[in-house]
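Structure file target_17.pdb (PDB, C-alpha atoms) follows.
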```pdb
ATOM      1  CA  MET B 557     -36.081  40.192 -26.360
ATOM      2  CA  GLU B 558     -33.620  39.870 -29.248
ATOM      3  CA  ALA B 559     -32.771  36.386 -30.504
ATOM      4  CA  HIS B 560     -29.120  35.342 -30.311
ATOM      5  CA  ASP B 561     -27.387  32.755 -32.505
ATOM      6  CA  GLN B 562     -26.333  29.708 -30.555
ATOM      7  CA  PRO B 563     -23.061  27.805 -31.227
ATOM      8  CA  LEU B 564     -23.638  25.118 -33.854
ATOM      9  CA  ASN B 565     -21.906  21.786 -33.373
ATOM     10  CA  GLN B 566     -23.820  19.189 -35.417
ATOM     11  CA  ASP B 567     -22.549  17.524 -38.646
ATOM     12  CA  GLY B 568     -23.042  19.678 -41.727
ATOM     13  CA  GLN B 569     -23.339  22.851 -39.666
ATOM     14  CA  LYS B 570     -20.938  25.762 -40.027
ATOM     15  CA  ASN B 571     -17.586  25.208 -38.378
ATOM     16  CA  ILE B 572     -16.390  27.694 -35.769
ATOM     17  CA  THR B 573     -13.213  27.855 -33.781
ATOM     18  CA  ASN B 574     -12.989  26.993 -30.098
ATOM     19  CA  GLN B 575     -12.225  30.609 -29.368
ATOM     20  CA  GLU B 576     -15.366  31.789 -31.169
ATOM     21  CA  SER B 577     -17.391  29.092 -29.434
ATOM     22  CA  ASN B 578     -16.124  30.148 -26.013
ATOM     23  CA  LYS B 579     -16.917  33.785 -26.772
ATOM     24  CA  LYS B 580     -20.448  32.924 -27.877
ATOM     25  CA  THR B 581     -20.982  30.659 -24.874
ATOM     26  CA  LYS B 582     -19.798  33.406 -22.562
ATOM     27  CA  LYS B 583     -22.044  35.915 -24.340
ATOM     28  CA  THR B 584     -24.999  33.561 -24.024
ATOM     29  CA  LYS B 585     -24.357  33.098 -20.308
ATOM     30  CA  ASN B 586     -24.074  36.836 -19.844
ATOM     31  CA  ASN B 587     -27.319  37.351 -21.735
ATOM     32  CA  LYS B 588     -29.023  34.736 -19.581
ATOM     33  CA  PHE B 589     -27.661  36.392 -16.454
ATOM     34  CA  ASN B 590     -28.796  39.819 -17.594
ATOM     35  CA  TRP B 591     -32.252  38.472 -18.409
ATOM     36  CA  TRP B 592     -32.683  36.816 -15.021
ATOM     37  CA  GLN B 593     -31.181  39.828 -13.274
ATOM     38  CA  SER B 594     -33.661  42.120 -15.015
ATOM     39  CA  LEU B 595     -36.532  39.781 -14.159
ATOM     40  CA  LEU B 596     -35.476  39.657 -10.521
ATOM     41  CA  ILE B 597     -35.235  43.430 -10.293
ATOM     42  CA  LEU B 598     -38.628  43.818 -11.953
ATOM     43  CA  THR B 599     -40.212  41.252  -9.637
ATOM     44  CA  LEU B 600     -38.791  42.870  -6.513
ATOM     45  CA  THR B 601     -39.945  46.265  -7.715
ATOM     46  CA  LEU B 602     -43.481  45.009  -8.274
ATOM     47  CA  VAL B 603     -43.588  43.291  -4.890
ATOM     48  CA  ILE B 604     -42.020  45.998  -2.771
ATOM     49  CA  SER B 605     -43.440  49.127  -4.399
ATOM     50  CA  VAL B 606     -46.774  50.480  -3.252
ATOM     51  CA  SER B 607     -49.474  49.919  -5.842
ATOM     52  CA  ALA B 608     -52.172  52.479  -6.551
ATOM     53  CA  ALA B 609     -54.842  49.804  -6.772
ATOM     54  CA  TYR B 610     -54.389  46.314  -5.399
ATOM     55  CA  TYR B 611     -56.102  43.264  -6.782
ATOM     56  CA  VAL B 612     -58.827  41.645  -4.768
ATOM     57  CA  SER B 613     -56.911  38.407  -4.270
ATOM     58  CA  GLN B 614     -53.765  40.178  -3.122
ATOM     59  CA  LYS B 615     -54.539  39.677   0.543
ATOM     60  CA  TYR B 616     -53.954  35.960  -0.055
ATOM     61  CA  LEU B 617     -50.689  36.546  -1.896
ATOM     62  CA  TRP B 618     -49.218  38.640   0.893
ATOM     63  CA  SER B 619     -49.772  36.022   3.622
ATOM     64  CA  ASN B 620     -46.170  34.758   3.721
ATOM     65  CA  TYR B 621     -44.532  38.069   2.982
ATOM     66  CA  ASP B 622     -42.146  39.580   5.532
ATOM     67  CA  LYS B 623     -44.332  41.877   7.628
ATOM     68  CA  SER B 624     -41.382  44.148   8.358
ATOM     69  CA  ARG B 625     -41.471  45.186   4.707
ATOM     70  CA  PHE B 626     -44.973  46.550   5.260
ATOM     71  CA  ALA B 627     -43.655  48.839   7.972
ATOM     72  CA  GLN B 628     -40.908  49.981   5.628
ATOM     73  CA  GLN B 629     -43.443  50.695   2.897
ATOM     74  CA  LEU B 630     -45.510  52.711   5.329
ATOM     75  CA  GLU B 631     -42.594  54.900   6.342
ATOM     76  CA  SER B 632     -41.629  55.409   2.707
ATOM     77  CA  ALA B 633     -45.208  56.359   1.756
ATOM     78  CA  LYS B 634     -45.412  58.803   4.650
ATOM     79  CA  ALA B 635     -42.227  60.490   3.479
ATOM     80  CA  VAL B 636     -43.635  60.975  -0.014
ATOM     81  CA  VAL B 637     -46.849  62.467   1.369
ATOM     82  CA  ASP B 638     -44.792  64.857   3.494
ATOM     83  CA  GLU B 639     -43.069  66.034   0.320
ATOM     84  CA  LYS B 640     -46.248  66.149  -1.809
ATOM     85  CA  PRO B 641     -49.193  66.645   0.580
ATOM     86  CA  ASN B 642     -51.506  68.024  -2.086
ATOM     87  CA  GLU B 643     -51.103  65.272  -4.677
ATOM     88  CA  PRO B 644     -53.712  62.468  -4.686
ATOM     89  CA  LYS B 645     -51.520  59.546  -5.782
ATOM     90  CA  PRO B 646     -49.196  59.632  -2.752
ATOM     91  CA  ARG B 647     -52.301  59.684  -0.565
ATOM     92  CA  VAL B 648     -53.654  56.574  -2.288
ATOM     93  CA  ASP B 649     -50.282  54.892  -1.913
ATOM     94  CA  LEU B 650     -50.191  55.789   1.777
ATOM     95  CA  GLY B 651     -53.701  54.423   2.233
ATOM     96  CA  TYR B 652     -52.591  51.181   0.621
ATOM     97  CA  ALA B 653     -49.581  51.010   2.936
ATOM     98  CA  TYR B 654     -51.871  51.462   5.925
ATOM     99  CA  PHE B 655     -54.107  48.710   4.554
ATOM    100  CA  LEU B 656     -51.158  46.305   4.339
ATOM    101  CA  ASN B 657     -50.431  47.100   7.984
ATOM    102  CA  LYS B 658     -54.125  46.458   8.783
ATOM    103  CA  ASN B 659     -54.742  50.026   9.929
ATOM    104  CA  PHE B 660     -58.039  50.357   8.101
ATOM    105  CA  ASP B 661     -59.148  53.600   9.731
ATOM    106  CA  GLU B 662     -56.031  55.418   8.544
ATOM    107  CA  ALA B 663     -56.349  53.806   5.116
ATOM    108  CA  ILE B 664     -59.890  55.160   4.786
ATOM    109  CA  LYS B 665     -58.736  58.595   5.922
ATOM    110  CA  GLN B 666     -56.027  58.772   3.265
ATOM    111  CA  TYR B 667     -58.348  57.601   0.484
ATOM    112  CA  LYS B 668     -60.846  60.289   1.445
ATOM    113  CA  VAL B 669     -58.119  62.938   1.344
ATOM    114  CA  ALA B 670     -57.164  61.698  -2.136
ATOM    115  CA  ILE B 671     -60.794  62.021  -3.218
ATOM    116  CA  ASP B 672     -60.952  65.551  -1.840
ATOM    117  CA  LEU B 673     -57.923  66.354  -3.981
ATOM    118  CA  ASP B 674     -59.299  64.578  -7.058
ATOM    119  CA  LYS B 675     -63.027  63.890  -7.278
ATOM    120  CA  ASN B 676     -62.500  61.487 -10.195
ATOM    121  CA  ASN B 677     -59.719  59.355  -8.779
ATOM    122  CA  PHE B 678     -60.652  55.776  -9.661
ATOM    123  CA  ASN B 679     -57.948  54.188  -7.518
ATOM    124  CA  ALA B 680     -59.017  56.097  -4.422
ATOM    125  CA  TYR B 681     -62.660  55.052  -4.769
ATOM    126  CA  PHE B 682     -61.799  51.454  -5.630
ATOM    127  CA  ASN B 683     -59.420  51.003  -2.718
ATOM    128  CA  LEU B 684     -61.819  52.782  -0.380
ATOM    129  CA  GLY B 685     -64.566  50.380  -1.421
ATOM    130  CA  LEU B 686     -62.338  47.378  -0.791
ATOM    131  CA  VAL B 687     -61.532  48.554   2.727
ATOM    132  CA  TYR B 688     -65.212  49.193   3.453
ATOM    133  CA  ASN B 689     -66.004  45.713   2.108
ATOM    134  CA  GLU B 690     -63.301  44.216   4.316
ATOM    135  CA  GLU B 691     -64.843  46.009   7.301
ATOM    136  CA  ASN B 692     -68.371  44.924   6.273
ATOM    137  CA  GLN B 693     -69.489  48.533   5.893
ATOM    138  CA  LEU B 694     -71.429  47.384   2.874
ATOM    139  CA  ASN B 695     -73.552  50.455   2.142
ATOM    140  CA  ASP B 696     -70.427  52.607   2.001
ATOM    141  CA  ALA B 697     -68.641  49.910   0.010
ATOM    142  CA  ILE B 698     -71.288  49.795  -2.710
ATOM    143  CA  LYS B 699     -71.310  53.583  -3.026
ATOM    144  CA  ALA B 700     -67.548  53.624  -3.528
ATOM    145  CA  ALA B 701     -67.714  50.726  -6.008
ATOM    146  CA  GLU B 702     -70.444  52.375  -8.043
ATOM    147  CA  LYS B 703     -68.504  55.626  -8.172
ATOM    148  CA  ALA B 704     -65.374  53.778  -9.289
ATOM    149  CA  SER B 705     -67.334  52.081 -12.097
ATOM    150  CA  GLU B 706     -68.842  55.401 -13.102
ATOM    151  CA  ILE B 707     -65.406  57.018 -13.358
ATOM    152  CA  SER B 708     -63.826  54.132 -15.285
ATOM    153  CA  PRO B 709     -66.511  51.842 -16.752
ATOM    154  CA  ARG B 710     -63.953  49.885 -18.801
ATOM    155  CA  ASP B 711     -61.953  48.863 -15.741
ATOM    156  CA  TYR B 712     -63.158  45.454 -14.600
ATOM    157  CA  LYS B 713     -62.154  45.979 -10.971
ATOM    158  CA  GLY B 714     -64.980  48.384 -10.208
ATOM    159  CA  HIS B 715     -67.566  45.906 -11.498
ATOM    160  CA  LEU B 716     -65.880  43.062  -9.627
ATOM    161  CA  LEU B 717     -66.058  45.038  -6.396
ATOM    162  CA  LYS B 718     -69.746  45.727  -6.949
ATOM    163  CA  GLY B 719     -70.310  42.009  -7.443
ATOM    164  CA  MET B 720     -68.503  41.196  -4.208
ATOM    165  CA  VAL B 721     -70.510  43.679  -2.179
ATOM    166  CA  PHE B 722     -73.866  42.783  -3.742
ATOM    167  CA  ARG B 723     -73.174  39.136  -2.921
ATOM    168  CA  LYS B 724     -72.597  40.017   0.726
ATOM    169  CA  LEU B 725     -75.860  41.967   0.662
ATOM    170  CA  LYS B 726     -77.555  38.823  -0.748
ATOM    171  CA  MET B 727     -78.527  40.787  -3.858
ATOM    172  CA  TYR B 728     -77.535  37.919  -6.110
ATOM    173  CA  LYS B 729     -79.155  39.156  -9.325
ATOM    174  CA  GLU B 730     -77.282  42.454  -9.060
ATOM    175  CA  ALA B 731     -74.100  40.595  -8.114
ATOM    176  CA  MET B 732     -74.222  38.418 -11.223
ATOM    177  CA  LYS B 733     -74.948  41.396 -13.457
ATOM    178  CA  ALA B 734     -71.848  43.184 -12.162
ATOM    179  CA  LEU B 735     -69.675  40.065 -12.320
ATOM    180  CA  ASN B 736     -70.761  39.255 -15.865
ATOM    181  CA  GLU B 737     -69.783  42.777 -16.882
ATOM    182  CA  ALA B 738     -66.417  42.345 -15.190
ATOM    183  CA  ASN B 739     -65.940  39.013 -16.981
ATOM    184  CA  LYS B 740     -66.585  40.640 -20.360
ATOM    185  CA  LEU B 741     -63.828  43.138 -19.651
ATOM    186  CA  SER B 742     -61.357  40.608 -18.254
ATOM    187  CA  PRO B 743     -62.176  37.030 -19.348
ATOM    188  CA  THR B 744     -60.593  34.137 -17.408
ATOM    189  CA  ASN B 745     -59.690  36.430 -14.504
ATOM    190  CA  THR B 746     -59.475  34.168 -11.460
ATOM    191  CA  ASP B 747     -60.844  36.787  -9.027
ATOM    192  CA  ILE B 748     -63.973  37.184 -11.158
ATOM    193  CA  LEU B 749     -64.506  33.455 -11.675
ATOM    194  CA  PHE B 750     -64.065  32.802  -7.987
ATOM    195  CA  GLU B 751     -66.658  35.438  -7.064
ATOM    196  CA  ILE B 752     -69.133  33.901  -9.511
ATOM    197  CA  GLY B 753     -68.551  30.611  -7.708
ATOM    198  CA  ARG B 754     -69.182  32.333  -4.388
ATOM    199  CA  VAL B 755     -72.545  33.570  -5.631
ATOM    200  CA  ALA B 756     -73.504  30.003  -6.551
ATOM    201  CA  GLU B 757     -72.226  28.694  -3.228
ATOM    202  CA  ASP B 758     -74.084  31.317  -1.182
ATOM    203  CA  GLN B 759     -77.312  30.371  -2.958
ATOM    204  CA  GLY B 760     -76.818  26.721  -2.065
ATOM    205  CA  ASP B 761     -75.881  25.593  -5.575
ATOM    206  CA  LYS B 762     -73.075  23.312  -4.472
ATOM    207  CA  LYS B 763     -72.677  21.545  -7.833
ATOM    208  CA  ASN B 764     -72.171  24.716  -9.864
ATOM    209  CA  ALA B 765     -69.977  26.287  -7.208
ATOM    210  CA  GLU B 766     -67.714  23.248  -7.193
ATOM    211  CA  GLN B 767     -67.414  23.274 -10.996
ATOM    212  CA  ILE B 768     -66.658  27.001 -11.109
ATOM    213  CA  TYR B 769     -63.934  26.627  -8.481
ATOM    214  CA  LYS B 770     -62.420  23.789 -10.507
ATOM    215  CA  ASP B 771     -62.576  25.924 -13.657
ATOM    216  CA  THR B 772     -60.826  28.732 -11.786
ATOM    217  CA  LEU B 773     -58.004  26.386 -10.832
ATOM    218  CA  THR B 774     -57.413  25.490 -14.479
ATOM    219  CA  TYR B 775     -56.127  29.053 -14.919
ATOM    220  CA  ASP B 776     -54.200  29.113 -11.648
ATOM    221  CA  PRO B 777     -53.795  25.753  -9.872
ATOM    222  CA  MET B 778     -52.436  27.488  -6.743
ATOM    223  CA  TYR B 779     -55.237  30.045  -6.404
ATOM    224  CA  LYS B 780     -55.938  29.799  -2.675
ATOM    225  CA  PRO B 781     -59.505  31.172  -2.547
ATOM    226  CA  ALA B 782     -60.713  28.528  -5.034
ATOM    227  CA  LEU B 783     -58.891  25.757  -3.174
ATOM    228  CA  ALA B 784     -60.564  26.882   0.044
ATOM    229  CA  GLY B 785     -63.901  27.037  -1.761
ATOM    230  CA  LEU B 786     -63.614  23.436  -2.867
ATOM    231  CA  LYS B 787     -62.952  22.364   0.713
ATOM    232  CA  ARG B 788     -66.019  24.280   1.919
ATOM    233  CA  VAL B 789     -68.434  22.826  -0.608
ATOM    234  CA  ALA B 790     -67.074  19.343   0.044
ATOM    235  CA  LYS B 791     -68.160  19.652   3.682
ATOM    236  CA  LYS B 792     -71.694  20.809   2.856
TER     237      LYS B 792
END
```
Would you mind writing the file's structure down as structure tokens?
Amino acid sequence: MEAHDQPLNQDGQKNITNQESNKKTKKTKNNKFNWWQSLLILTLTLVISVSAAYYVSQKYLWSNYDKSRFAQQLESAKAVVDEKPNEPKPRVDLGYAYFLNKNFDEAIKQYKVAIDLDKNNFNAYFNLGLVYNEENQLNDAIKAAEKASEISPRDYKGHLLKGMVFRKLKMYKEAMKALNEANKLSPTNTDILFEIGRVAEDQGDKKNAEQIYKDTLTYDPMYKPALAGLKRVAKK
């Protein structure tokens, strides 16, 4: 963003007329308005638009969101698929819209169609793995996660998903290996740190789990999964 000169009014500073000052003040206000307007538009676009690959923690962020918007997103995604039935991205977007509406069976169906259209579609495999993980279909989840990591080894999300699923399978060594790889690719990521804490918690290491959750909150004090984790370990 370009820097703008502000009106100067202290002793020894250049003297400007009231008219010039008013013009600059008005310009500054307009610039501030335009900046906030652009930010608002960008924020709304990010929130309302259907993402090709959602973050693991997103299910917590959507909790207070107007559910009617999910229905609107679904109808919009369906319309795009009707126009472009043989393109994989609209299928992934439609699967995501179904996921937001908690129709997991239809979400899985759309991700599989996307994969049929593009065998190397990272977003389709990643999202498919997340839905399988949500449904506790862990063998299918790990297959999808491994394929996602194979397609895009430099994307941390595939490794994070593997860590999540391995933890549920109580394969803690494999979980930590995947999570450490994810952490190398995206240091200080709260989703990754939280999952590392979950591994410690599931193994009964209350002290380390508590510390990891606290460390996670230093990066995002309002991160709900870590706050819930602290409450759990406090009761154990």
Tell me which residues the PyMOL selection byres ((chain B and resi 710) around 10) grabs here, as JSON, numbers by chain.
{"B": [705, 706, 707, 708, 709, 711, 712, 713, 714, 715, 737, 738, 740, 741, 742]}
Gap from atom CA of Lys724 of chain B to atom CA of Leu684 of chain B - Å, one decimal
16.7 Å
Near segment 655-664 of chain B, counting all atoms listed in the file, which residues have an atom at most 8 Å away, once you skip same-chain residues fewer than 5 positions from it, shown as a PyMOL selection string?
chain B and resi 626-627+630+650+684+687
Compile the contact shell of Thr744 of chain B as a PyMOL selection string: residues with an atom at most 10 Å away, counting all atoms listed in the file, same-chain residues fewer than 2 positions apart removed.
chain B and resi 739-742+746-749+771-772+774-776
Extract, using only C-alpha atoms, all DNA, RNA and protein residues at most 8 Å from Leu717 of chain B, discarding same-chain residues fewer than 6 positions from it, and format them as a list of chain:residue names.
B:Phe682, B:Gly685, B:Leu686, B:Ile698, B:Ala701
Straight-line distance linking atom CA of Ala635 of chain B with atom CA of Lys665 of chain B, stated in Å to one decimal:
16.8 Å
Just the residues within 7 Å of Ala680 of chain B, please, counting only C-alpha atoms, with nothing from its chain fewer than 5 positions along; format it as an MDAnalysis selection string.
chainID B and resid 648 667 670:671
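We find atom CA of Leu673 of chain B and atom CA of Leu716 of chain B to be spaced 25.3 Å apart.
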Take the PyMOL selection byres ((chain B and resi 754) around 9), run it mentally on this structure, and tell me the resulting residues as a ChimeraX atom specification.
/B:720,723,749-753,755-759,765,768-769,785
Can those selected residues be exported to a file as a PDB file, keeping the file's coordinate frame so that it contains C-alpha atoms?
```
ATOM      1  CA  MET B 720     -68.503  41.196  -4.208  1.00  0.00           C
ATOM      2  CA  ARG B 723     -73.174  39.136  -2.921  1.00  0.00           C
ATOM      3  CA  LEU B 749     -64.506  33.455 -11.675  1.00  0.00           C
ATOM      4  CA  PHE B 750     -64.065  32.802  -7.987  1.00  0.00           C
ATOM      5  CA  GLU B 751     -66.658  35.438  -7.064  1.00  0.00           C
ATOM      6  CA  ILE B 752     -69.133  33.901  -9.511  1.00  0.00           C
ATOM      7  CA  GLY B 753     -68.551  30.611  -7.708  1.00  0.00           C
ATOM      8  CA  VAL B 755     -72.545  33.570  -5.631  1.00  0.00           C
ATOM      9  CA  ALA B 756     -73.504  30.003  -6.551  1.00  0.00           C
ATOM     10  CA  GLU B 757     -72.226  28.694  -3.228  1.00  0.00           C
ATOM     11  CA  ASP B 758     -74.084  31.317  -1.182  1.00  0.00           C
ATOM     12  CA  GLN B 759     -77.312  30.371  -2.958  1.00  0.00           C
ATOM     13  CA  ALA B 765     -69.977  26.287  -7.208  1.00  0.00           C
ATOM     14  CA  ILE B 768     -66.658  27.001 -11.109  1.00  0.00           C
ATOM     15  CA  TYR B 769     -63.934  26.627  -8.481  1.00  0.00           C
ATOM     16  CA  GLY B 785     -63.901  27.037  -1.761  1.00  0.00           C
TER      17      GLY B 785
END
```
